[in-house]
>>> print(open('structure-v7.pdb').read())   # PDB, C-alpha atoms
ATOM      1  CA  MET A   2      61.932 -92.402  -9.012
ATOM      2  CA  ARG A   3      62.798 -93.520 -12.538
ATOM      3  CA  VAL A   4      61.578 -96.959 -13.635
ATOM      4  CA  GLU A   5      61.260 -98.852 -16.923
ATOM      5  CA  CYS A   6      57.671 -99.144 -18.064
ATOM      6  CA  GLU A   7      56.490-102.705 -18.680
ATOM      7  CA  SER A   8      54.394-101.595 -21.640
ATOM      8  CA  CYS A   9      56.380 -99.014 -23.620
ATOM      9  CA  HIS A  10      59.788 -99.886 -22.107
ATOM     10  CA  GLU A  11      60.602 -96.222 -21.642
ATOM     11  CA  LEU A  12      62.613 -95.062 -18.636
ATOM     12  CA  VAL A  13      60.235 -92.651 -16.936
ATOM     13  CA  SER A  14      59.744 -90.910 -13.634
ATOM     14  CA  ALA A  15      56.673 -92.590 -12.196
ATOM     15  CA  GLY A  16      54.672 -91.722  -9.138
ATOM     16  CA  PHE A  17      53.878 -94.474  -6.646
ATOM     17  CA  ALA A  18      50.747 -95.039  -4.600
ATOM     18  CA  LEU A  19      49.340 -97.752  -2.344
ATOM     19  CA  HIS A  20      46.365 -99.599  -3.748
ATOM     20  CA  ALA A  21      44.731-102.763  -2.342
ATOM     21  CA  GLY A  22      47.829-103.872  -0.464
ATOM     22  CA  ALA A  23      50.124-103.311  -3.453
ATOM     23  CA  LEU A  24      52.421-100.579  -4.691
ATOM     24  CA  ARG A  25      51.159 -99.073  -7.955
ATOM     25  CA  ALA A  26      53.166 -96.940 -10.375
ATOM     26  CA  THR A  27      51.645 -95.241 -13.428
ATOM     27  CA  CYS A  28      53.740 -94.532 -16.525
ATOM     28  CA  PRO A  29      53.364 -90.860 -17.529
ATOM     29  CA  ALA A  30      54.197 -91.710 -21.166
ATOM     30  CA  CYS A  31      51.614 -94.407 -21.984
ATOM     31  CA  GLY A  32      49.466 -94.514 -18.830
ATOM     32  CA  HIS A  33      50.258 -98.158 -18.070
ATOM     33  CA  ALA A  34      49.781 -99.067 -14.412
ATOM     34  CA  MET A  35      52.387-101.341 -12.855
ATOM     35  CA  THR A  36      51.537-103.164  -9.639
ATOM     36  CA  VAL A  37      53.970-104.780  -7.227
ATOM     37  CA  PRO A  38      52.584-106.831  -4.276
ATOM     38  CA  LEU A  39      53.900-105.704  -0.925
ATOM     39  CA  THR A  40      53.892-109.265   0.429
ATOM     40  CA  PRO A  41      55.187-112.263  -1.567
ATOM     41  CA  ALA A  42      52.687-114.881  -2.652
ATOM     42  CA  VAL A  43      52.649-117.865  -0.352
ATOM     43  CA  ALA A  44      52.178-121.270  -1.942
ATOM     44  CA  ALA A  45      49.475-123.482  -0.547
ATOM     45  CA  PRO A  46      50.814-126.040   1.951
ATOM     46  CA  VAL A  47      51.271-129.569   0.677
ATOM     47  CA  CYS A  48      51.411-132.939   2.398
ATOM     48  CA  PRO A  49      54.999-134.135   2.939
ATOM     49  CA  LYS A  50      53.925-137.743   2.340
ATOM     50  CA  CYS A  51      51.916-137.587  -0.909
ATOM     51  CA  GLY A  52      52.344-133.982  -2.105
ATOM     52  CA  ALA A  53      48.619-133.195  -2.146
ATOM     53  CA  THR A  54      47.522-129.619  -1.521
ATOM     54  CA  ARG A  55      45.882-129.131   1.856
ATOM     55  CA  ARG A  56      44.373-126.349   3.938
ATOM     56  CA  GLY A  57      46.566-124.953   6.656
ATOM     57  CA  ASP A  58      43.902-125.569   9.298
ATOM     58  CA  ALA A  59      43.030-129.124   8.131
ATOM     59  CA  ALA A  60      43.430-131.887  10.722
ATOM     60  CA  ALA A  61      44.785-134.332   8.128
ATOM     61  CA  CYS A  62      45.789-134.629   4.490
ATOM     62  CA  PRO A  63      42.652-135.044   2.331
ATOM     63  CA  ALA A  64      44.457-137.508   0.026
ATOM     64  CA  CYS A  65      46.485-139.907   2.214
ATOM     65  CA  GLY A  66      45.045-139.138   5.672
ATOM     66  CA  LEU A  67      48.352-138.233   7.354
ATOM     67  CA  ALA A  68      47.522-136.246  10.495
ATOM     68  CA  SER A  69      48.743-132.656  10.508
ATOM     69  CA  SER A  70      50.252-133.200  13.968
ATOM     70  CA  ARG A  71      52.475-135.964  12.553
ATOM     71  CA  MET A  72      53.634-134.185   9.400
ATOM     72  CA  ALA A  73      56.702-132.597  11.001
ATOM     73  CA  ASP A  74      57.814-135.942  12.467
ATOM     74  CA  PHE A  75      57.195-137.664   9.131
ATOM     75  CA  THR A  76      59.323-135.107   7.296
ATOM     76  CA  GLU A  77      62.151-135.379   9.810
ATOM     77  CA  ALA A  78      62.193-139.191   9.732
ATOM     78  CA  HIS A  79      61.924-139.266   5.940
ATOM     79  CA  ASP A  80      64.765-136.782   5.489
ATOM     80  CA  ALA A  81      67.003-138.672   7.927
ATOM     81  CA  ALA A  82      66.917-141.729   5.640
ATOM     82  CA  VAL A  83      68.184-139.708   2.659
ATOM     83  CA  PRO A  84      71.969-139.681   2.056
ATOM     84  CA  GLU A  85      73.762-136.501   3.038
ATOM     85  CA  PRO A  86      74.970-135.660  -0.531
ATOM     86  CA  VAL A  87      71.361-135.570  -1.736
ATOM     87  CA  ARG A  88      70.210-133.343   1.127
ATOM     88  CA  ALA A  89      73.191-131.032   0.565
ATOM     89  CA  ALA A  90      72.346-130.779  -3.122
ATOM     90  CA  TRP A  91      68.756-129.859  -2.270
ATOM     91  CA  ALA A  92      69.985-127.182   0.128
ATOM     92  CA  GLY A  93      72.034-125.768  -2.744
ATOM     93  CA  VAL A  94      68.952-125.759  -4.976
ATOM     94  CA  ALA A  95      66.840-124.005  -2.339
ATOM     95  CA  GLY A  96      69.538-121.374  -1.863
ATOM     96  CA  ALA A  97      69.879-120.628  -5.600
ATOM     97  CA  TRP A  98      66.551-121.673  -7.078
ATOM     98  CA  SER A  99      67.083-120.140 -10.532
ATOM     99  CA  ASP A 100      70.559-121.640 -11.034
ATOM    100  CA  PRO A 101      70.271-124.586 -13.497
ATOM    101  CA  ALA A 102      73.624-126.011 -12.372
ATOM    102  CA  ARG A 103      72.256-126.569  -8.846
ATOM    103  CA  HIS A 104      69.305-128.536 -10.225
ATOM    104  CA  ASP A 105      71.629-130.574 -12.443
ATOM    105  CA  GLU A 106      73.780-131.456  -9.435
ATOM    106  CA  LEU A 107      70.712-132.498  -7.459
ATOM    107  CA  LEU A 108      69.553-134.753 -10.303
ATOM    108  CA  ARG A 109      73.006-136.340 -10.464
ATOM    109  CA  GLN A 110      72.994-137.086  -6.731
ATOM    110  CA  VAL A 111      69.416-138.357  -6.832
ATOM    111  CA  ALA A 112      70.260-140.765  -9.673
ATOM    112  CA  ALA A 113      73.386-141.991  -7.864
ATOM    113  CA  HIS A 114      71.469-142.740  -4.634
ATOM    114  CA  ARG A 115      68.066-143.682  -6.151
ATOM    115  CA  CYS A 116      66.172-140.983  -4.213
ATOM    116  CA  TYR A 117      63.692-140.017  -6.938
ATOM    117  CA  ALA A 118      60.594-140.091  -4.728
ATOM    118  CA  TRP A 119      62.182-137.905  -2.069
ATOM    119  CA  ALA A 120      63.366-135.297  -4.583
ATOM    120  CA  ALA A 121      59.962-135.272  -6.286
ATOM    121  CA  GLY A 122      58.342-134.608  -2.924
ATOM    122  CA  ARG A 123      60.687-131.684  -2.320
ATOM    123  CA  TYR A 124      59.852-130.137  -5.683
ATOM    124  CA  ARG A 125      56.108-130.600  -5.102
ATOM    125  CA  THR A 126      56.342-128.407  -2.019
ATOM    126  CA  ARG A 127      56.980-125.506  -4.406
ATOM    127  CA  GLY A 128      53.289-125.489  -5.364
ATOM    128  CA  GLY A 129      53.400-125.578  -9.184
ATOM    129  CA  ASP A 130      56.438-123.350  -9.685
ATOM    130  CA  PRO A 131      57.530-123.535 -13.388
ATOM    131  CA  ILE A 132      61.066-124.553 -12.453
ATOM    132  CA  ALA A 133      59.713-127.193 -10.085
ATOM    133  CA  GLU A 134      57.407-128.574 -12.788
ATOM    134  CA  ARG A 135      60.295-128.789 -15.241
ATOM    135  CA  GLN A 136      62.494-130.600 -12.735
ATOM    136  CA  LEU A 137      59.667-132.997 -11.838
ATOM    137  CA  ASP A 138      59.462-133.972 -15.491
ATOM    138  CA  ARG A 139      63.237-134.577 -15.573
ATOM    139  CA  LEU A 140      63.006-136.699 -12.440
ATOM    140  CA  ARG A 141      60.182-138.741 -13.926
ATOM    141  CA  ARG A 142      62.112-139.459 -17.130
ATOM    142  CA  ALA A 143      65.292-140.319 -15.204
ATOM    143  CA  ALA A 144      63.392-142.699 -12.917
ATOM    144  CA  GLU A 145      61.796-144.446 -15.921
ATOM    145  CA  ALA A 146      65.209-144.875 -17.569
ATOM    146  CA  THR A 147      66.605-146.345 -14.353
ATOM    147  CA  LEU A 148      63.727-148.821 -14.079
ATOM    148  CA  LEU A 149      64.150-149.944 -17.693
ATOM    149  CA  ALA A 150      67.884-150.432 -17.238
ATOM    150  CA  GLY A 151      67.317-152.442 -14.061
ATOM    151  CA  ALA A 152      64.761-154.677 -15.794
ATOM    152  CA  THR A 153      67.261-155.468 -18.581
ATOM    153  CA  VAL A 154      69.942-156.430 -16.079
ATOM    154  CA  ARG A 155      67.532-158.681 -14.179
ATOM    155  CA  ARG A 156      66.523-160.492 -17.372
ATOM    156  CA  ASP A 157      70.166-161.140 -18.285
ATOM    157  CA  THR A 158      70.953-162.361 -14.771
ATOM    158  CA  ALA A 159      67.945-164.682 -14.744
ATOM    159  CA  ALA A 160      69.061-166.238 -18.037
ATOM    160  CA  LEU A 161      72.455-167.283 -16.665
ATOM    161  CA  PRO A 162      71.215-170.207 -14.476
ATOM    162  CA  TYR A 163      69.129-171.467 -17.401
ATOM    163  CA  ARG A 164      72.139-171.477 -19.727
ATOM    164  CA  ALA A 165      74.238-173.218 -17.066
ATOM    165  CA  THR A 166      71.576-175.933 -16.674
ATOM    166  CA  VAL A 167      71.473-176.501 -20.428
ATOM    167  CA  GLY A 168      75.262-176.867 -20.484
ATOM    168  CA  VAL A 169      75.224-179.468 -17.694
ATOM    169  CA  LEU A 170      72.488-181.453 -19.458
ATOM    170  CA  ALA A 171      74.458-181.398 -22.708
ATOM    171  CA  VAL A 172      77.540-182.823 -20.942
ATOM    172  CA  LEU A 173      75.461-185.569 -19.301
ATOM    173  CA  ILE A 174      73.835-186.535 -22.607
ATOM    174  CA  ALA A 175      77.230-186.680 -24.316
ATOM    175  CA  ALA A 176      78.552-188.916 -21.525
ATOM    176  CA  VAL A 177      75.577-191.270 -21.888
ATOM    177  CA  VAL A 178      76.041-191.486 -25.666
ATOM    178  CA  VAL A 179      79.758-192.251 -25.298
ATOM    179  CA  GLY A 180      78.938-194.963 -22.739
ATOM    180  CA  LEU A 181      76.394-196.595 -25.052
ATOM    181  CA  VAL A 182      78.826-196.577 -27.976
ATOM    182  CA  TYR A 183      81.568-198.103 -25.830
ATOM    183  CA  ALA A 184      79.221-200.847 -24.590
ATOM    184  CA  ALA A 185      78.152-201.673 -28.154
ATOM    185  CA  LEU A 186      81.744-201.926 -29.316
ATOM    186  CA  ALA A 187      82.631-204.146 -26.362
ATOM    187  CA  ARG A 188      79.792-206.586 -27.178
ATOM    188  CA  ALA A 189      80.766-206.731 -30.832
ATOM    189  CA  SER A 190      84.387-207.437 -29.943
ATOM    190  CA  SER A 191      83.504-210.312 -27.576
ATOM    191  CA  GLY A 192      81.229-211.978 -30.184
ATOM    192  CA  ALA A 193      83.977-212.070 -32.821
ATOM    193  CA  THR A 194      86.516-214.012 -30.637
ATOM    194  CA  ILE A 195      87.609-217.405 -32.208
ATOM    195  CA  ALA A 196      87.135-220.408 -29.853
ATOM    196  CA  PRO A 197      90.210-222.720 -29.347
ATOM    197  CA  ALA A 198      90.304-225.980 -31.367
ATOM    198  CA  GLY A 199      89.120-229.140 -29.464
ATOM    199  CA  PRO A 200      89.529-232.905 -30.190
ATOM    200  CA  ALA A 201      88.086-234.180 -33.450
ATOM    201  CA  THR A 202      84.608-235.636 -33.159
ATOM    202  CA  GLY A 203      84.415-237.310 -36.580
ATOM    203  CA  PRO A 204      84.525-241.189 -37.197
ATOM    204  CA  ARG A 205      87.760-242.841 -36.291
ATOM    205  CA  PRO A 206      89.531-244.923 -38.994
ATOM    206  CA  GLY A 207      89.225-248.725 -38.479
ATOM    207  CA  PRO A 208      92.091-251.248 -38.493
ATOM    208  CA  SER A 209      93.785-251.585 -41.806
ATOM    209  CA  THR A 210      93.464-254.931 -43.703
ATOM    210  CA  ARG A 211      96.120-256.188 -45.959
TER     211      ARG A 211
END
>>> encode(input="structure-v7.pdb", output="structure tokens")
Amino acid sequence: MRVECESCHELVSAGFALHAGALRATCPACGHAMTVPLTPAVAAPVCPKCGATRRGDAAACPACGLASSRMADFTEAHDAAVPEPVRAAWAGVAGAWSDPARHDELLRQVAAHRCYAWAAGRYRTRGGDPIAERQLDRLRRAAEATLLAGATVRRDTAALPYRATVGVLAVLIAAVVVGLVYAALARASSGATIAPAGPATGPRPGPSTR
């Protein structure tokens, strides 16, 4: 069987042999030995609640204490609360793990439905896969951006009642000032009124003498 050598990149006819549970081929040109495992590597199981690595025979998660007998029920209940578009996007990712477009679609759905924790938990089940680590970093940055944007909106919303209160107080103060000015003008106007003329109070002239 002709194969491409990993070392010299020559297309050679290599002989195959079983060695320590793997298939080994030796390049006749450079002598490089290529080994292919017969069984795929299995990632260590992780807790569906916190993502910590655990032993398959452990009675509970060593990090959060979730019992192994309850992990399947926890996963089912947790997944049921996730919107269908997000779960469908994850199914697409699992079916085409190396396709960047599937991961982009999952991130878009996660951001739309705010399911960052759930998606991070799904990626952690991949046990340190390079693609999973890269997507976890993208999820973390997207979640931080969402939190910052939400904090800005909350600050603006909280400022609205304060500005409304200031406006009401300004109107009340203006009304009080106008009332005081009007009262002052009314008092000044009443004090300047001329009283009607009464009978003379001076000495009366006596009888004339001729």
>>> closest_atom_pairs(input="structure-v7.pdb", of="range 83-167 of chain A", to="range 68-78 of chain A", cutoff="12 Å", atoms="all atoms listed in the file", output="Markdown table")
| residue | atom | partner | partner_atom | distance |
| --- | --- | --- | --- | --- |
| A:Val83 | CA | A:Ala78 | CA | 9.3 |
| A:Trp119 | CA | A:Thr76 | CA | 10.2 |
| A:Gly122 | CA | A:Thr76 | CA | 10.3 |
| A:Arg123 | CA | A:Thr76 | CA | 10.3 |
| A:Thr126 | CA | A:Thr76 | CA | 11.9 |
>>> residues_around(input="structure-v7.pdb", residues="Val111 in chain A", least_positions_apart="6", cutoff="10 Å", atoms="all atoms listed in the file", output="VMD selection string")
chain A and resid 83 to 84 86 to 88 90 to 91 105 117 to 121 140 143 to 144
>>> resolve_selection(input="structure-v7.pdb", expression="the PyMOL selection byres ((chain A and resi 6) around 10)", output="list in words")
Arg3, Val4, Glu5, Glu7, Ser8, Cys9, His10, Glu11, Leu12, Val13, Ser14, Ala15, Ala26, Thr27, Cys28, Pro29, Ala30, Cys31, Gly32, His33, Ala34 and Met35 of chain A
>>> residues_around(input="structure-v7.pdb", residues="range 96-100 of chain A", least_positions_apart="2", cutoff="12 Å", atoms="only C-alpha atoms", output="NGL selection string")
:A and (89-94 or 102-107 or 124 or 127 or 130-133 or 135-136)
>>> resolve_selection(input="structure-v7.pdb", expression="the PyMOL selection byres ((chain A and resi 147) around 12)", output="ChimeraX atom specification")
/A:111-117,140-146,148-154
>>> atom_distance(input="structure-v7.pdb", atom1="CA of Gly66 in chain A", atom2="CA of Pro46 in chain A")
14.8 Å
>>> atom_distance(input="structure-v7.pdb", atom1="CA of Ala82 in chain A", atom2="CA of Pro49 in chain A")
14.4 Å
>>> atom_distance(input="structure-v7.pdb", atom1="CA of Arg55 in chain A", atom2="CA of Arg139 in chain A")
25.2 Å
>>> resolve_selection(input="structure-v7.pdb", expression="the PyMOL selection byres ((chain A and resi 63) around 12)", output="PyMOL selection string")
chain A and resi 47-48+50-62+64-69
>>> build_atoms(input="structure-v7.pdb", residues="range 72-92 of chain A", atoms="N, CA and C atoms", output="PDB file, in the coordinates of the input")
ATOM      1  N   MET A  72      52.942-134.524  10.638  1.00  0.00           N
ATOM      2  CA  MET A  72      53.634-134.185   9.400  1.00  0.00           C
ATOM      3  C   MET A  72      55.077-133.768   9.641  1.00  0.00           C
ATOM      4  N   ALA A  73      55.323-133.023  10.710  1.00  0.00           N
ATOM      5  CA  ALA A  73      56.702-132.597  11.001  1.00  0.00           C
ATOM      6  C   ALA A  73      57.570-133.807  11.328  1.00  0.00           C
ATOM      7  N   ASP A  74      57.053-134.733  12.134  1.00  0.00           N
ATOM      8  CA  ASP A  74      57.814-135.942  12.467  1.00  0.00           C
ATOM      9  C   ASP A  74      58.048-136.803  11.233  1.00  0.00           C
ATOM     10  N   PHE A  75      57.036-136.881  10.357  1.00  0.00           N
ATOM     11  CA  PHE A  75      57.195-137.664   9.131  1.00  0.00           C
ATOM     12  C   PHE A  75      58.302-137.074   8.259  1.00  0.00           C
ATOM     13  N   THR A  76      58.301-135.754   8.118  1.00  0.00           N
ATOM     14  CA  THR A  76      59.323-135.107   7.296  1.00  0.00           C
ATOM     15  C   THR A  76      60.708-135.330   7.860  1.00  0.00           C
ATOM     16  N   GLU A  77      60.841-135.197   9.181  1.00  0.00           N
ATOM     17  CA  GLU A  77      62.151-135.379   9.810  1.00  0.00           C
ATOM     18  C   GLU A  77      62.661-136.807   9.644  1.00  0.00           C
ATOM     19  N   ALA A  78      61.782-137.794   9.873  1.00  0.00           N
ATOM     20  CA  ALA A  78      62.193-139.191   9.732  1.00  0.00           C
ATOM     21  C   ALA A  78      62.504-139.532   8.277  1.00  0.00           C
ATOM     22  N   HIS A  79      61.720-138.987   7.360  1.00  0.00           N
ATOM     23  CA  HIS A  79      61.924-139.266   5.940  1.00  0.00           C
ATOM     24  C   HIS A  79      63.237-138.653   5.459  1.00  0.00           C
ATOM     25  N   ASP A  80      63.527-137.436   5.904  1.00  0.00           N
ATOM     26  CA  ASP A  80      64.765-136.782   5.489  1.00  0.00           C
ATOM     27  C   ASP A  80      65.991-137.463   6.081  1.00  0.00           C
ATOM     28  N   ALA A  81      65.857-138.029   7.287  1.00  0.00           N
ATOM     29  CA  ALA A  81      67.003-138.672   7.927  1.00  0.00           C
ATOM     30  C   ALA A  81      67.465-139.900   7.157  1.00  0.00           C
ATOM     31  N   ALA A  82      66.559-140.538   6.405  1.00  0.00           N
ATOM     32  CA  ALA A  82      66.917-141.729   5.640  1.00  0.00           C
ATOM     33  C   ALA A  82      67.563-141.399   4.304  1.00  0.00           C
ATOM     34  N   VAL A  83      67.611-140.132   3.934  1.00  0.00           N
ATOM     35  CA  VAL A  83      68.184-139.708   2.659  1.00  0.00           C
ATOM     36  C   VAL A  83      69.672-139.437   2.840  1.00  0.00           C
ATOM     37  N   PRO A  84      70.524-139.921   1.924  1.00  0.00           N
ATOM     38  CA  PRO A  84      71.969-139.681   2.056  1.00  0.00           C
ATOM     39  C   PRO A  84      72.296-138.197   2.107  1.00  0.00           C
ATOM     40  N   GLU A  85      73.360-137.890   2.840  1.00  0.00           N
ATOM     41  CA  GLU A  85      73.762-136.501   3.038  1.00  0.00           C
ATOM     42  C   GLU A  85      74.054-135.769   1.728  1.00  0.00           C
ATOM     43  N   PRO A  86      74.719-136.393   0.717  1.00  0.00           N
ATOM     44  CA  PRO A  86      74.970-135.660  -0.531  1.00  0.00           C
ATOM     45  C   PRO A  86      73.686-135.186  -1.221  1.00  0.00           C
ATOM     46  N   VAL A  87      72.624-135.966  -1.110  1.00  0.00           N
ATOM     47  CA  VAL A  87      71.361-135.570  -1.736  1.00  0.00           C
ATOM     48  C   VAL A  87      70.751-134.389  -0.992  1.00  0.00           C
ATOM     49  N   ARG A  88      70.767-134.456   0.343  1.00  0.00           N
ATOM     50  CA  ARG A  88      70.210-133.343   1.127  1.00  0.00           C
ATOM     51  C   ARG A  88      71.021-132.068   0.932  1.00  0.00           C
ATOM     52  N   ALA A  89      72.343-132.209   0.805  1.00  0.00           N
ATOM     53  CA  ALA A  89      73.191-131.032   0.565  1.00  0.00           C
ATOM     54  C   ALA A  89      72.899-130.427  -0.805  1.00  0.00           C
ATOM     55  N   ALA A  90      72.671-131.287  -1.790  1.00  0.00           N
ATOM     56  CA  ALA A  90      72.346-130.779  -3.122  1.00  0.00           C
ATOM     57  C   ALA A  90      71.015-130.047  -3.119  1.00  0.00           C
ATOM     58  N   TRP A  91      70.032-130.564  -2.360  1.00  0.00           N
ATOM     59  CA  TRP A  91      68.756-129.859  -2.270  1.00  0.00           C
ATOM     60  C   TRP A  91      68.915-128.518  -1.565  1.00  0.00           C
ATOM     61  N   ALA A  92      69.735-128.463  -0.545  1.00  0.00           N
ATOM     62  CA  ALA A  92      69.985-127.182   0.128  1.00  0.00           C
ATOM     63  C   ALA A  92      70.584-126.171  -0.843  1.00  0.00           C
TER      64      ALA A  92
END
